[in-house]
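Notes follow the structure.
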Amino acid sequence: MNRVIYLKQTPEAELRAEHFELREEADPSPAQGQVLVRNLLMSIDAANRAWMHGRTYRDQVKPGDAMATYTLSQVIESKADAFKAGDIVLADGIWADRFVVAPAKLTPMPDHRPLSHLHSLLGIAGLTAYHGLLKFGRPKEGETVVVSAAAGSVGTFVGQIARLKGCRVVGIAGGKDKTDWLKSELGFDDCVDYKSGDLGKQLRAACPEGIDVYFDNVGGDVLEAVMAQMNDFGRISCCGAISGYDKGHKPRMTSFPMSVVVKRLSVHGFIVLDHADEHPQAMADLAKWAASGQIKVAEDIVDGLENAPQALVGLLNGNNRGKRMVRVAPDPE
């Protein structure tokens, strides 16, 4: 039997594990032109929650739909010329043991070890950090770069890449354990705890010369606090707005438009999927930096398909360090 996890109910406020349902079904079989894959590692991202709100750059996940995600999978059976049994692929897939997919939703991946790096360092997390910071943030040596959700899958790479470029790096994270970890383990120059109150005051102390580049994963009140400290002609890369993903209301935004105008800021929203033609160079750079020890890879792996709902809930509550994923099956030899 094949296990599949479905969205049972669209949450009106905070997501809970009870909003999902695990079902056992007959094993799927590919039709002509399709590919059958088994999941190895499923990416767990804040965007999974955002997809439940409505159509974005992809279709909305509605009640009764298998929960969508990006998966690192292995081809079991192929009835499409482009793939063969044994291939390692990145798939636009679902929370399941196995699923049938069209070749257009598969990307062939190298047999890189550990395979988990294909979701973190060389996957969407690392690529998002690379493109979002370097292409849109355009950091210069000596500048101050701030990143929110700094202990998350993308933020950990953003901070380390900025340090590589000679910048002073300040993270925003929740809790002293995370802020200490970012400084001691990942080399952040400073890190502020948004849970400890008066974020604006903390940012002024951590960034006495203002902020030149801000990589935003959060939006809402955190973005507001950072905007007040931005230097003229600063750059903002808008990657996500997790503060509004899991709530029954939209986050407050009051000063954003005026600050953009008065400070002549450049604000760019981006989706990493739009920059696929630049992935090879990004992956080469990321792999080189990791191999030389210039950046560290932080991963947070939860075992068992059945634990995917709680893994996502925990991520939204900030209970992770680095790239969170769910291991569905062991790595093939």
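Chain labels run A, B, ... following the order of the structure tokens; each chain numbers its residues from 1, and ligands are numbered from 1 in the order shown.
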So that I can check the secondary structure, give me every residue of range 82-316 of chain A assigned strand (DSSP E or B) by backbone DSSP, as a PyMOL selection string.
chain A and resi 88-94+96+98-101+106-108+144-148+152+168-173+190-193+211-216+230-238+266-269+299-303
Tell me, as a PyMOL selection string, which residues lie within 9 Å of Asp97 in chain A, counting only C-alpha atoms; anything in the same chain fewer than 5 positions away does not count.
chain A and resi 2-4+37-40+305+328-329
Just write the chosen residues, N, CA and C atoms, as a PDB file, in the first residue's frame.
ATOM      1  N   ASN A   2       0.344   2.298  -0.587  1.00  0.00           N
ATOM      2  CA  ASN A   2       1.034   3.578  -0.671  1.00  0.00           C
ATOM      3  C   ASN A   2       0.378   4.559   0.288  1.00  0.00           C
ATOM      4  N   ARG A   3       1.188   5.225   1.104  1.00  0.00           N
ATOM      5  CA  ARG A   3       0.656   6.216   2.035  1.00  0.00           C
ATOM      6  C   ARG A   3       0.713   7.606   1.397  1.00  0.00           C
ATOM      7  N   VAL A   4      -0.395   8.346   1.520  1.00  0.00           N
ATOM      8  CA  VAL A   4      -0.497   9.702   0.991  1.00  0.00           C
ATOM      9  C   VAL A   4      -1.126  10.585   2.063  1.00  0.00           C
ATOM     10  N   VAL A  37       7.816   7.582  -9.053  1.00  0.00           N
ATOM     11  CA  VAL A  37       8.974   7.846  -8.196  1.00  0.00           C
ATOM     12  C   VAL A  37       8.639   7.483  -6.748  1.00  0.00           C
ATOM     13  N   ARG A  38       9.689   7.206  -5.988  1.00  0.00           N
ATOM     14  CA  ARG A  38       9.527   7.035  -4.543  1.00  0.00           C
ATOM     15  C   ARG A  38      10.247   8.185  -3.854  1.00  0.00           C
ATOM     16  N   ASN A  39       9.616   8.715  -2.840  1.00  0.00           N
ATOM     17  CA  ASN A  39      10.191   9.845  -2.130  1.00  0.00           C
ATOM     18  C   ASN A  39      11.331   9.410  -1.225  1.00  0.00           C
ATOM     19  N   LEU A  40      12.385  10.182  -1.240  1.00  0.00           N
ATOM     20  CA  LEU A  40      13.493  10.007  -0.311  1.00  0.00           C
ATOM     21  C   LEU A  40      13.441  11.082   0.764  1.00  0.00           C
ATOM     22  N   LEU A 305       7.303   9.729   7.026  1.00  0.00           N
ATOM     23  CA  LEU A 305       6.269  10.452   6.301  1.00  0.00           C
ATOM     24  C   LEU A 305       5.158  10.915   7.231  1.00  0.00           C
ATOM     25  N   VAL A 328      11.643  10.127   4.026  1.00  0.00           N
ATOM     26  CA  VAL A 328      10.602   9.125   3.790  1.00  0.00           C
ATOM     27  C   VAL A 328      11.193   7.742   3.588  1.00  0.00           C
ATOM     28  N   ALA A 329      12.349   7.681   2.943  1.00  0.00           N
ATOM     29  CA  ALA A 329      13.018   6.407   2.692  1.00  0.00           C
ATOM     30  C   ALA A 329      14.519   6.615   2.781  1.00  0.00           C
TER      31      ALA A 329
END
Run DSSP on the backbone and tell me which residues of range 88-329 of chain A come out as alpha helix (DSSP H); list them as a PyMOL selection string.
chain A and resi 124-131+155-164+176-186+199-206+220-227+256-262+279-291+308-316
Considering only C-alpha atoms, return as a count of residues only whatever protein or nucleic-acid residues lie within 12 Å of range 180-191 of chain A, sequence-local ones (same chain, fewer than 6 positions apart) excluded.
44
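Nearest-residue note for Pro139 in chain A: choosing from A:Pro108, A:Gly200, A:Pro63, A:Gly234, the minimum distance belongs to A:Gly234, counting only C-alpha atoms.
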When you count only C-alpha atoms, which of these residues is closest to Pro309 in chain A: A:Trp95, A:Phe233, A:Tyr194, A:Tyr57?
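Among the listed residues, A:Trp95 lies closest to Pro309 in chain A.
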Which neighbours of range 65-79 of chain A fall inside 7 Å, counting only C-alpha atoms, when residues of the same chain fewer than 6 positions from it are skipped, and could you give them as a PyMOL selection string?
chain A and resi 4-7+30-43+48+85-95
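For the atom pair formed by CA of Gln60 in chain A and CA of Asn317 in chain A, the distance is 22.0 Å, given to one decimal.
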How close does range 49-125 of chain A get to range 280-288 of chain A? List, as JSON lines, each residue of range 49-125 of chain A within 12 Å, its nearest atom pair and the distance in Å to one decimal, counting only C-alpha atoms.
{"residue": "A:Met109", "atom": "CA", "partner": "A:Pro280", "partner_atom": "CA", "distance": 11.3}
{"residue": "A:Pro110", "atom": "CA", "partner": "A:Met283", "partner_atom": "CA", "distance": 11.2}
{"residue": "A:His112", "atom": "CA", "partner": "A:Ala287", "partner_atom": "CA", "distance": 10.3}
{"residue": "A:Arg113", "atom": "CA", "partner": "A:Ala287", "partner_atom": "CA", "distance": 11.4}
{"residue": "A:His117", "atom": "CA", "partner": "A:Ala287", "partner_atom": "CA", "distance": 9.4}
{"residue": "A:Leu118", "atom": "CA", "partner": "A:Met283", "partner_atom": "CA", "distance": 9.6}
{"residue": "A:His119", "atom": "CA", "partner": "A:Met283", "partner_atom": "CA", "distance": 11.6}
{"residue": "A:Ser120", "atom": "CA", "partner": "A:Leu286", "partner_atom": "CA", "distance": 10.4}
{"residue": "A:Leu121", "atom": "CA", "partner": "A:Leu286", "partner_atom": "CA", "distance": 6.7}
{"residue": "A:Leu122", "atom": "CA", "partner": "A:Met283", "partner_atom": "CA", "distance": 5.5}
{"residue": "A:Gly123", "atom": "CA", "partner": "A:Met283", "partner_atom": "CA", "distance": 8.3}
{"residue": "A:Ile124", "atom": "CA", "partner": "A:Met283", "partner_atom": "CA", "distance": 10.5}
{"residue": "A:Ala125", "atom": "CA", "partner": "A:Leu286", "partner_atom": "CA", "distance": 11.1}
